[in-house]
Amino acid sequence: MYKKLRPMDLFLRGLIWLSAGVTILMTVGILAYILVRGVPSISWSFLTTAPSELTGTIGILPNIINTLYIVLITLLISTPIGIGAAIYLTEYGGKSKFVKIIEFTTETLAGIPSIIYGLFGFMFFVVFMGLQYSILAGGLTLSIMVLPTIIRTTQEALKSVNPLYREAALGIGATRVHMIRTVLLPSAMPGIITAIILSIGRIVGESAALIFTAGIGVKMLKLTPAGVFEHLETSGATLTVQLYQYAMRGEDLGVSFAIAAVLVIIVLLINFATKRLARRFRCG
Amino acid sequence: MENIMETKSLHLYYGDNQALKNINLQMRKNKITALIGPSGCGKSTYLKTLNRMNDLIEHVKIEGQVLLEGQDIYDPKVDVTMLRKRVGMVFQKPNPFPMSIYDNVAYGPRIHGIKKRSQLDELVETSLRGAALWDEVKDRLKKSAMGLSGGQQQRLCIARALAVSPQVLLMDEPTSALDPISTMKIEDLMVELKEKYTVAIVTHNMQQAARISDYTAFFLVGEMVEYADTEKMFSMPSDKRTEDYITGRFG
Amino acid sequence: MENIMETKSLHLYYGDNQALKNINLQMRKNKITALIGPSGCGKSTYLKTLNRMNDLIEHVKIEGQVLLEGQDIYDPKVDVTMLRKRVGMVFQKPNPFPMSIYDNVAYGPRIHGIKKRSQLDELVETSLRGAALWDEVKDRLKKSAMGLSGGQQQRLCIARALAVSPQVLLMDEPTSALDPISTMKIEDLMVELKEKYTVAIVTHNMQQAARISDYTAFFLVGEMVEYADTEKMFSMPSDKRTEDYITGRFG
Amino acid sequence: MILELPKQAQREEIYKSRRNKKAVETVFEIIFILCALVAVISVVIITAYMIFSGGPAIGKIGVKEFLFGEVWAPTAADPQFGILSMILASIYGTFGAILLGVPIGLLTSVFIAEIAPKKMRGALRAAVELLAGIPSVIYGLIGMIVVVPLVAKIFGLALGMCLFSAILILAVMVLPTIVNISETSLKAVPRELTEASLALGATQVQTIFKVQIPAARSGIMTGVVLGIGRAVGETMAVIMVAGNVVNRPELFGSVRLMTTGIVQEMSYSSGLHREALFAIGLVLFVFIMVLNLILNAVLKKGAE
Amino acid sequence: GCASKENSSTPSENSSSAGSSSSQSDAALSGILKLSGSTSMEKVAKAWGEAFTAKNPDVTVDVQLGGSGAAVTNVNDGVSDIGNLSRALKDEEKNGLTENTVALDGIAVAVNPNNGVEDLTIDQLKDIFLGNITNWSELGGKDASIVVVGREAGSGTRDGFEEIVGVKDAAKYQSELNETGQVKNLVATNENAIGYVSLDYVDDSIKALKVGGVAPSEATVKDGSYTLQRPFLMVTKGEGSALAQAFLTFALSDEGQEVAKSIGCIPVN
Ligand SMILES: Nc1ncnc2c1ncn2[C@@H]1O[C@H](COP(=O)(O)OP(=O)(O)OP(=O)(O)O)[C@@H](O)[C@H]1O
Ligand SMILES: Nc1ncnc2c1ncn2[C@@H]1O[C@H](COP(=O)(O)OP(=O)(O)OP(=O)(O)O)[C@@H](O)[C@H]1O
Ligand SMILES: [Mg+2]
Ligand SMILES: [Mg+2]
Ligand SMILES: O=P([O-])([O-])[O-]
């Protein structure tokens with residue numbers, strides 16, 4: 001009954017540790033490399049100016065603004081639609097054929113590579129709708145792209161709302177819409193916010209779909225009422241797209257790494273936020 | 001004796017599967033009717049047909065009549081939300097909403113159009129008193145209902161149901177999740193409630209049925225085998241199967 | 001009478017919560033020992049200490065001794081897998097692996113190094129016969145075990161446990177998920193098994209304990225209140241609490 | 001105790017249906033349906049666009065010439081549009097990434113789900129999620145600056161931009177998908193199975209490889225299929241490390257995948273050339289759809 | 001010359017010739033002007049954009065890339081107002097487009113600064129890009145295989161280079177890149193690479209070879225002795241919008257040409 005050595009066990013255990021080690025070292029390595037090379041190049045003027053050919057300076061403020069713009073447009077469009085669709089799927093659809101079709105198409109949308117969204121967005125929004133390379137075209141394209149994320153995450157959140165709440169509300173005589181508004185959505189809110197944050201992550205990280213739709217402009221936002229809207233019509237590189245531009249040209253790798261560091265920090269924040277929410281979700 | 005609810009040759013099918021077979025039952029006003037029977041016999045299903053909670057389930061087919069004070073509740077003209085206001089339900093597992101105690105109780109009245117604060121306050125108090133919970137929670141009405149104990153939550157659910165002043169209160173194993181002390185409190189409560197309400201309760205606990213109910217219906221695989229005065233049912237059941245079940249020979 | 005397992009002043013804590021208090025119990029060889037008691041009293045916990053399945057749970061602290069044929073199984077030098085081979089376990093819910101019937105039964109022997117086909121074939125057959133399942137499944141050994149009925153699955157789990165030829169077989173409410181006919185088959189089986197094995201069974205069903213066990217231990221909130229010959233326990237329990245429990249006055 | 005309830009809350013006729021309440025219900029249901037329809041319409045429009053803008057080109061070029069032609073010379077005087085090399089490069093790249101990523105990913109997920117000390121698991125999961133969240137362009141950047149020169153040095157290549165570099169980058173990128181999904185499905189393996197195995201005297205490692213991984217099979221397959229999807233569709237990271245010349249794929253040669261082929265020439269192409277690029281998109285699209293169907297089949301099988 | 005910012009400070013005395021609209025309407029100009037196309041022209045286009053916006057604060061000049069081929073497509077599709085080409089229009093492209101030559105440019109043959117080779121003939125270039133010469137030692141360099149990099153198929157630089165060197169559609173590249181800057185980057189970081197970039201991108205990180213003994217510079221491009229050269233074009237659909245016309249007028253004005261020169265381009269005369 002006493003302990004003995006099992007070589008096969010040890011070997012497999014070793015493989016598992018090795019794989020995990022590779023994954024961890026890689027993650028830490030990538031992170032450290034980017035931060036070490038990037039953070040020193042981040043300066044106040046780097047974050048708060050626009051690049052200029054005339055003076056030869058580089059700044060990423062327009063990219064930050066463009067990123068915010070695209071995040072905002074995308075969410076403004078896709079969040080209400082996504083939540084509405086999720087509500088339909090979980091609360092109204094039942095198991096009908098229509099629901100199956102929608103779920104299948106949502107899966108499909110989720111699986112389409114972003115380059116295809118880029119192609120489609122270019123043909124449909126840029127050329128066909130005449131939006132040209134513009135932040136608006138980029139936002140519209142991404143709205144379709146993040147739709148499945150929002151639908152699915154919201155659906156999960158709605159499904160995980162205690163089914164007893166539904167019965168309880170209906171059992172008292174609440175209408176379905178009332179039940180959704182007063183019980184379902186508040187309970188699902190952390191999940192919905194998670195969906196939104198996940199989408200932000202996706203938008204911030206996107207490049208292929210944006211290069212052909214939102215383009216690579218680096219124009220400063222004009223702080224006039226008209227300018228705020230005009231900005232939608234100009235092309236605009238998000239941070240990620242700009243990173244791609246600089247990296248490919250290799251003119252100043254410090255700039256590429258600085259943007260990469262900014263992006264990594266954003267991703268860290270996003271992950272942190274989702275974690276926090278998920279925790280609240282579980283307790284609530 | 002007055003009947004408040006009545007089912008006439010009720011058949012219910014989940015898809016192809018018949019869950020209720022020809023149920024004829026008259027529920028007496030201001031009495032407690034207990035539904036007993038082994039698991040899966042259709043007790044919950046029957047209860048749900050009484051306030052149309054089955055409407056939420058797909059592929060349910062219902063035949064026969066369910067009358068509330070003589071009106072057929074499955075009449076297409078019936079407003080389901082009004083029906084459910086009149087026939088309230090308390091579920092097996094306490095299911096308070098994740099909001100404050102006050103809002104839980106006020107939820108129903110608000111739905112049904114009561115907006116005035118003073119009126120709501122009053123309703124919340126009377127309902128909580130009615131559910132024998134007022135003293136325990138009166139100082140924490142604004143606190144989340146999720147912080148209550150299981151027994152308190154269940155009484156809160158009862159208060160919530162009372163707040164819309166139903167005529168009939170359906171309770172599906174309301175004490176199965178509770179400890180003995182909470183159970184006792186809720187049993188006492190039911191007995192009090194019957195002065196103003198009619199109560200139907202599903203229970204697995206024979207002693208409970210015997211203790212609190214006036215009438216008992218025994219269900220078996222979708223059929224109602226016997227329906228009688230509780231005392232009679234437990235002392236001399238007329239059906240062999242009832243006897244077997246009550247004496248614990250199966251189930 | 002020979003004791004095969006023995007616990008001496010066993011205390012078990014889940015974190016700060018003491019689940020077992022000073023349990024002293026001698027399990028007789030080739031007998032069936034039943035563990036009864038209300039929910040949460042520590043029956044399952046006790047059973048799991050006997051083959052160290054509690055090791056999987058965090059924050060468990062164990063004091064006292066558990067001896068298997070005189071050896072302390074909590075000795076750090078003990079190889080847990082060998083211990084579990086000697087002290088097998090059958091769980092409340094049938095839990096066959098999602099593989100063929102044959103592979104389920106052959107799982108244990110293969111793990112313990114038996115590779116020869118003929119030997120495995122023989123082991124599978126004897127184990128399935130031992131679990132009174134052979135005739136029902138002999139033509140579908142290669143079919144998935146998931147296609148068996150609940151009762152068959154439970155017997156398969158017993159066969160799977162028998163295939164590693166344990167000395168002691170622990171069963172935690174093995175029939176609670178089963179219909180009466182399957183239950184009867186498994187009860188018969190246990191009685192047969194005790195000729196070759198020592199069996200400990202947790203059950204909620206007093207009748208079952210009375211029917212099949214030789215000795216009965218009654219647990220209450222972590223304590224072993226009474227341990228005696230089954231016949232004696234059910235006819236004249238020496239402790240008031242045992243009597244109350246057996247006669248259904250609480251629980 | 002007597003309940004005193006306000007008069008307003010007294011009996012009401014159950015027939016008295018409030019019409020506006022019904023109307024509100026209906027209006028909202030319609031709004032929700034419309035929202036749900038957006039997803040369907042998007043897929044329909046995208047599919048239609050892909051087919052209408054890519055289909056004709058395949059017709060003009062000829063299915064065989066297009067899919068199996070090896071010469072891609074879109075702007076030559078006598079243009080040729082054969083994408084076999086790109087298809088093969090995509091397949092090899094994906095296959096390589098899966099070959100590297102799956103074992104490492106699966107074992108890492110085993111580590112996180114079963115082996116790692118409880119306190120470490122949270123950190124590990126966070127690390128993997130971070131890996132999943134890093135924009136692909138950053139992988140491309142790391143690939144360009146670190147991997148490509150390293151590959152060139154180790155294998156003595158003149159130029160490190162090659163299929164192998166692309167595979168390495170893609171493997172890292174599919175890793176989090178595989179780890180996450182495998183870990184979830186490993187955790188979802190019923191505890192009873194694990195207990196059953198341990199109770200029979202199996203060691204933890206035996207239990208992992210003989211019971212838990214097989215039981216989590218369909219989830220792991222899902223991870224692999226999704227990983228394939230990610231690898232096939234990845235563009236920007238690949239374009240930064242693969243060299244992008246249309247060559248018959250060799251491990252250490254410059255290659256152009258389908259995705260990068262589109263990006264490379266999309267913005268300036270016109271006429272048949274542009275249609276041909278859409279046709280590549282269409283091929284990719286069909287590829288993904290087929291994957292999706294496979295995924296659904298896997299999931300359905302898992303559900304049984 | 002056009003080689004770098006430092007040595008191109010002589011003020012230009014050229015006057016604009018193509019534009020005709022007057023500058024008094026500048027004050028009224030507003031809106032977004034969209035440019036796209038040549039990556040070689042990115043710097044000059046953006047520089048003009050900045051200078052133009054400085055004069056007309058309500059105008060946004062939005063410069064996209066894509067390569068010279070994209071310029072024609074985008075202008076025809078209405079995606080851009082002005083297309084930038086680093087080559088002449090082909091006959092089939094001329095339909096309905098108005099072209100303006102806004103600057104001249106040399107195509108520099110770029111190698112790594114550590115490369116010992118200084119001078120190549122057009123024939124040697126041809127052999128290199130056709131894959132007939134594959135080792136630097138054949139050209140007097142060290143023994144290392146040549147890494148040939150080029151641009152994608154719609155590039156004006158590639159078009160011009162392949163045309164002049166005579167390797168049209170026959171060049172064998174080891175890497176095809178999308179932008180001038182990418183080629184420069186690769187050559188700057190790979191000791192054995194050879195590629196071609198717009199002259200105004202040449203700086204210390206790469207070395208521009210002499211071609212047939214002539215070093216590329218403003219003077220040699222202007223007098224035609226450096227043969228690897230091409231025009232920078234801006235095209236509009238028809239006449240182009242008023243805004244586009246005003247922009248082109250500005251680009252061709254003395255001020256505009258001065259801007260071009262300041263970032264390393266060769267003004268048109
Ligand atoms: N939503 C449903 N769809 C299909 N069949 C159902 C559904 N709900 C219940 N059933 C079936 O109808 C029968 C009666 O179920 P019901 O829930 O009424 O039993 P019950 O008497 O309440 O049992 P328990 O005591 O276990 O709660 C059972 O066979 C059950 O499987
Ligand atoms: N993993 C655990 N962590 C903490 N406490 C536990 C754990 N498992 C059981 N307990 C607690 O230990 C006590 C005994 O539990 P145990 O499962 O042994 O009861 P039982 O007699 O088997 O009850 P039942 O008849 O309901 O199965 C209970 O209070 C239970 O809540
Ligand atoms: Mg029930
Ligand atoms: Mg137990
Ligand atoms: O980008 P190009 O100037 O080479 O067309």
# chains A, B, ... in the order shown; residues from 1 in each chain; ligands from 1
>>> residues_near_ligand(ligand="ligand 1", cutoff="12 Å", atoms="only C-alpha atoms and all ligand atoms", output="JSON, numbers by chain")
{"B": [11, 12, 13, 14, 15, 16, 17, 18, 19, 20, 21, 35, 36, 37, 38, 39, 40, 41, 42, 43, 44, 45, 46, 47, 48, 49, 53, 54, 55, 56, 57, 58, 59, 60, 61, 91, 92, 93, 171, 172, 173, 174, 176, 201, 202, 203, 204, 205, 217, 218, 219, 220, 221, 222, 223, 224, 251]}
>>> residues_around(residues="Leu97 of chain E", least_positions_apart="3", cutoff="9 Å", atoms="only C-alpha atoms", output="JSON, numbers by chain")
{"E": [72, 75, 76, 93, 94, 235, 236, 237, 238, 239, 240]}
>>> write_last_selection(atoms="N, CA and C atoms", output="PDB file, in the first residue's frame")
ATOM      1  N   VAL E  72      -6.531  55.921 -59.292  1.00  0.00           N
ATOM      2  CA  VAL E  72      -7.451  55.947 -60.422  1.00  0.00           C
ATOM      3  C   VAL E  72      -8.797  55.337 -60.036  1.00  0.00           C
ATOM      4  N   VAL E  75     -10.724  57.619 -57.501  1.00  0.00           N
ATOM      5  CA  VAL E  75     -11.290  58.838 -58.094  1.00  0.00           C
ATOM      6  C   VAL E  75     -12.484  58.474 -58.967  1.00  0.00           C
ATOM      7  N   ASN E  76     -12.358  57.416 -59.726  1.00  0.00           N
ATOM      8  CA  ASN E  76     -13.487  57.001 -60.561  1.00  0.00           C
ATOM      9  C   ASN E  76     -14.686  56.560 -59.730  1.00  0.00           C
ATOM     10  N   GLU E  93      -6.396  54.636 -68.692  1.00  0.00           N
ATOM     11  CA  GLU E  93      -6.828  55.273 -67.452  1.00  0.00           C
ATOM     12  C   GLU E  93      -7.232  56.723 -67.665  1.00  0.00           C
ATOM     13  N   LYS E  94      -6.882  57.260 -68.832  1.00  0.00           N
ATOM     14  CA  LYS E  94      -7.026  58.699 -69.002  1.00  0.00           C
ATOM     15  C   LYS E  94      -8.473  59.163 -69.087  1.00  0.00           C
ATOM     16  N   VAL E 235      -4.634  63.614 -59.898  1.00  0.00           N
ATOM     17  CA  VAL E 235      -5.693  63.596 -60.911  1.00  0.00           C
ATOM     18  C   VAL E 235      -7.046  63.828 -60.252  1.00  0.00           C
ATOM     19  N   THR E 236      -7.932  64.429 -61.026  1.00  0.00           N
ATOM     20  CA  THR E 236      -9.304  64.608 -60.552  1.00  0.00           C
ATOM     21  C   THR E 236     -10.256  64.069 -61.605  1.00  0.00           C
ATOM     22  N   LYS E 237     -11.465  63.791 -61.163  1.00  0.00           N
ATOM     23  CA  LYS E 237     -12.494  63.344 -62.106  1.00  0.00           C
ATOM     24  C   LYS E 237     -13.039  64.595 -62.771  1.00  0.00           C
ATOM     25  N   GLY E 238     -12.938  64.676 -64.060  1.00  0.00           N
ATOM     26  CA  GLY E 238     -13.318  65.902 -64.756  1.00  0.00           C
ATOM     27  C   GLY E 238     -12.446  67.044 -64.265  1.00  0.00           C
ATOM     28  N   GLU E 239     -13.113  68.153 -64.032  1.00  0.00           N
ATOM     29  CA  GLU E 239     -12.376  69.327 -63.570  1.00  0.00           C
ATOM     30  C   GLU E 239     -12.010  69.204 -62.094  1.00  0.00           C
ATOM     31  N   GLY E 240     -12.786  68.407 -61.372  1.00  0.00           N
ATOM     32  CA  GLY E 240     -12.605  68.336 -59.930  1.00  0.00           C
ATOM     33  C   GLY E 240     -13.420  69.408 -59.245  1.00  0.00           C
TER      34      GLY E 240
END
>>> closest_residue(among="E:Val44, E:Ile107, E:Ile206, E:Ala171", to="chain D", atoms="only C-alpha atoms")
E:Ala171
>>> interface_residues(of="chain E", to="chain D", cutoff="6 Å", atoms="only C-alpha atoms", output="PyMOL selection string")
chain E and resi 66+69-70+169+175-176
>>> interface_residues(of="chain A", to="chain C", cutoff="12 Å", atoms="only C-alpha atoms", output="ChimeraX atom specification")
/A:1-6,8-9
>>> residues_around(residues="Ile211 of chain A", least_positions_apart="5", cutoff="12 Å", atoms="only C-alpha atoms", output="CSV table (one decimal) with N, CA, C and O atoms, in the first residue's frame")
chain,number,residue,atom,x,y,z
A,114,SER,N,-12.2,39.2,-40.0
A,114,SER,CA,-12.4,40.7,-40.1
A,114,SER,C,-12.0,41.2,-41.5
A,114,SER,O,-12.5,42.2,-42.0
A,115,ILE,N,-11.1,40.5,-42.2
A,115,ILE,CA,-10.8,41.0,-43.6
A,115,ILE,C,-12.0,41.0,-44.5
A,115,ILE,O,-12.2,41.9,-45.3
A,116,ILE,N,-12.9,40.0,-44.2
A,116,ILE,CA,-14.1,40.0,-45.1
A,116,ILE,C,-15.0,41.1,-44.7
A,116,ILE,O,-15.6,41.8,-45.6
A,117,TYR,N,-15.1,41.4,-43.4
A,117,TYR,CA,-15.8,42.6,-43.0
A,117,TYR,C,-15.2,43.9,-43.7
A,117,TYR,O,-15.9,44.8,-44.1
A,118,GLY,N,-13.9,43.9,-43.8
A,118,GLY,CA,-13.2,45.0,-44.4
A,118,GLY,C,-13.7,45.1,-45.9
A,118,GLY,O,-14.0,46.2,-46.4
A,119,LEU,N,-13.6,44.0,-46.6
A,119,LEU,CA,-14.0,43.9,-48.0
A,119,LEU,C,-15.4,44.4,-48.1
A,119,LEU,O,-15.8,45.3,-49.0
A,121,GLY,N,-17.4,46.0,-46.0
A,121,GLY,CA,-17.5,47.4,-45.6
A,121,GLY,C,-17.1,48.4,-46.7
A,121,GLY,O,-17.7,49.4,-46.9
A,122,PHE,N,-16.0,48.1,-47.3
A,122,PHE,CA,-15.5,48.9,-48.4
A,122,PHE,C,-16.4,49.0,-49.5
A,122,PHE,O,-16.8,50.0,-50.0
A,126,VAL,N,-18.3,52.2,-48.1
A,126,VAL,CA,-17.4,53.2,-48.7
A,126,VAL,C,-17.8,53.6,-50.1
A,126,VAL,O,-17.9,54.7,-50.4
A,133,TYR,N,-13.8,56.8,-47.5
A,133,TYR,CA,-13.1,56.3,-46.3
A,133,TYR,C,-13.4,57.2,-45.2
A,133,TYR,O,-13.1,58.4,-45.2
A,134,SER,N,-14.2,56.8,-44.2
A,134,SER,CA,-14.6,57.7,-43.1
A,134,SER,C,-14.8,56.9,-41.9
A,134,SER,O,-15.0,55.7,-41.9
A,135,ILE,N,-14.7,57.6,-40.8
A,135,ILE,CA,-14.9,57.0,-39.5
A,135,ILE,C,-16.3,56.4,-39.4
A,135,ILE,O,-16.5,55.3,-38.8
A,137,ALA,N,-18.0,55.1,-41.9
A,137,ALA,CA,-18.0,53.8,-42.6
A,137,ALA,C,-17.4,52.7,-41.7
A,137,ALA,O,-17.9,51.6,-41.6
A,138,GLY,N,-16.3,53.1,-41.0
A,138,GLY,CA,-15.6,52.1,-40.2
A,138,GLY,C,-16.5,51.7,-39.0
A,138,GLY,O,-16.6,50.5,-38.7
A,139,GLY,N,-17.2,52.7,-38.4
A,139,GLY,CA,-18.1,52.4,-37.3
A,139,GLY,C,-19.2,51.5,-37.7
A,139,GLY,O,-19.6,50.5,-37.0
A,141,THR,N,-19.3,49.4,-40.2
A,141,THR,CA,-18.7,48.0,-40.5
A,141,THR,C,-18.5,47.3,-39.1
A,141,THR,O,-19.0,46.1,-39.0
A,142,LEU,N,-17.9,47.9,-38.2
A,142,LEU,CA,-17.6,47.3,-36.9
A,142,LEU,C,-18.9,46.9,-36.2
A,142,LEU,O,-19.0,46.0,-35.4
A,206,GLU,N,-9.0,46.0,-33.5
A,206,GLU,CA,-9.3,45.7,-34.9
A,206,GLU,C,-8.4,46.5,-35.8
A,206,GLU,O,-8.1,47.6,-35.6
A,216,ILE,N,-6.9,55.7,-43.0
A,216,ILE,CA,-5.7,55.9,-42.2
A,216,ILE,C,-5.4,57.4,-41.9
A,216,ILE,O,-4.3,57.8,-41.7
A,217,GLY,N,-6.5,58.2,-41.9
A,217,GLY,CA,-6.3,59.6,-41.6
A,217,GLY,C,-5.8,59.9,-40.2
A,217,GLY,O,-6.0,59.1,-39.3
A,235,SER,N,-11.5,60.4,-42.8
A,235,SER,CA,-11.0,59.1,-42.5
A,235,SER,C,-10.2,59.2,-41.2
A,235,SER,O,-9.8,60.3,-40.8
A,236,GLY,N,-10.0,58.1,-40.5
A,236,GLY,CA,-9.3,58.1,-39.3
A,236,GLY,C,-8.7,56.8,-38.9
A,236,GLY,O,-9.4,55.8,-38.9
A,237,ALA,N,-7.4,56.8,-38.6
A,237,ALA,CA,-6.7,55.6,-38.1
A,237,ALA,C,-6.9,55.5,-36.6
A,237,ALA,O,-6.7,56.4,-35.9
A,238,THR,N,-7.4,54.3,-36.2
A,238,THR,CA,-7.4,54.0,-34.8
A,238,THR,C,-6.0,53.8,-34.3
A,238,THR,O,-5.1,53.7,-35.2
A,239,LEU,N,-5.8,53.6,-33.1
A,239,LEU,CA,-4.4,53.4,-32.5
A,239,LEU,C,-3.8,52.1,-33.2
A,239,LEU,O,-2.7,52.1,-33.6
A,240,THR,N,-4.7,51.1,-33.3
A,240,THR,CA,-4.1,49.8,-33.8
A,240,THR,C,-3.7,50.0,-35.3
A,240,THR,O,-2.7,49.5,-35.7
A,241,VAL,N,-4.6,50.7,-36.1
A,241,VAL,CA,-4.3,50.9,-37.5
A,241,VAL,C,-3.0,51.7,-37.6
A,241,VAL,O,-2.1,51.4,-38.4
A,242,GLN,N,-2.9,52.7,-36.8
A,242,GLN,CA,-1.7,53.5,-36.8
A,242,GLN,C,-0.5,52.7,-36.5
A,242,GLN,O,0.6,52.9,-37.1
A,243,LEU,N,-0.6,51.9,-35.5
A,243,LEU,CA,0.5,51.0,-35.1
A,243,LEU,C,1.0,50.2,-36.3
A,243,LEU,O,2.2,50.1,-36.6
A,244,TYR,N,0.0,49.7,-37.0
A,244,TYR,CA,0.3,48.9,-38.2
A,244,TYR,C,1.1,49.7,-39.2
A,244,TYR,O,2.1,49.3,-39.8
A,245,GLN,N,0.6,51.0,-39.4
A,245,GLN,CA,1.3,51.9,-40.4
A,245,GLN,C,2.8,52.1,-40.0
A,245,GLN,O,3.7,51.9,-40.8
D,235,THR,N,-5.1,38.1,-40.6
D,235,THR,CA,-4.6,38.9,-41.7
D,235,THR,C,-3.4,39.7,-41.3
D,235,THR,O,-2.3,39.5,-41.9
D,236,MET,N,-3.6,40.6,-40.4
D,236,MET,CA,-2.6,41.7,-40.2
D,236,MET,C,-1.3,41.1,-39.6
D,236,MET,O,-0.2,41.6,-40.0
D,263,VAL,N,-5.7,42.0,-48.8
D,263,VAL,CA,-5.2,43.3,-48.2
D,263,VAL,C,-4.2,43.9,-49.1
D,263,VAL,O,-4.2,45.1,-49.4
D,264,GLN,N,-3.3,43.0,-49.6
D,264,GLN,CA,-2.2,43.5,-50.4
D,264,GLN,C,-2.6,44.3,-51.6
D,264,GLN,O,-2.0,45.3,-51.9
D,266,MET,N,-6.0,45.0,-52.5
D,266,MET,CA,-7.4,45.5,-52.5
D,266,MET,C,-7.6,46.9,-53.0
D,266,MET,O,-8.4,47.3,-53.8
D,267,SER,N,-6.9,47.8,-52.3
D,267,SER,CA,-7.3,49.2,-52.5
D,267,SER,C,-7.0,49.8,-53.9
D,267,SER,O,-7.7,50.7,-54.3
E,64,GLN,N,-5.2,59.4,-48.0
E,64,GLN,CA,-5.2,57.9,-47.9
E,64,GLN,C,-4.1,57.4,-48.8
E,64,GLN,O,-3.8,58.0,-49.7
E,65,LEU,N,-3.7,56.2,-48.5
E,65,LEU,CA,-2.7,55.6,-49.4
E,65,LEU,C,-3.4,54.5,-50.2
E,65,LEU,O,-4.5,54.6,-50.5
E,66,GLY,N,-2.6,53.5,-50.6
E,66,GLY,CA,-3.2,52.5,-51.5
E,66,GLY,C,-2.4,52.2,-52.7
E,66,GLY,O,-2.5,51.1,-53.3
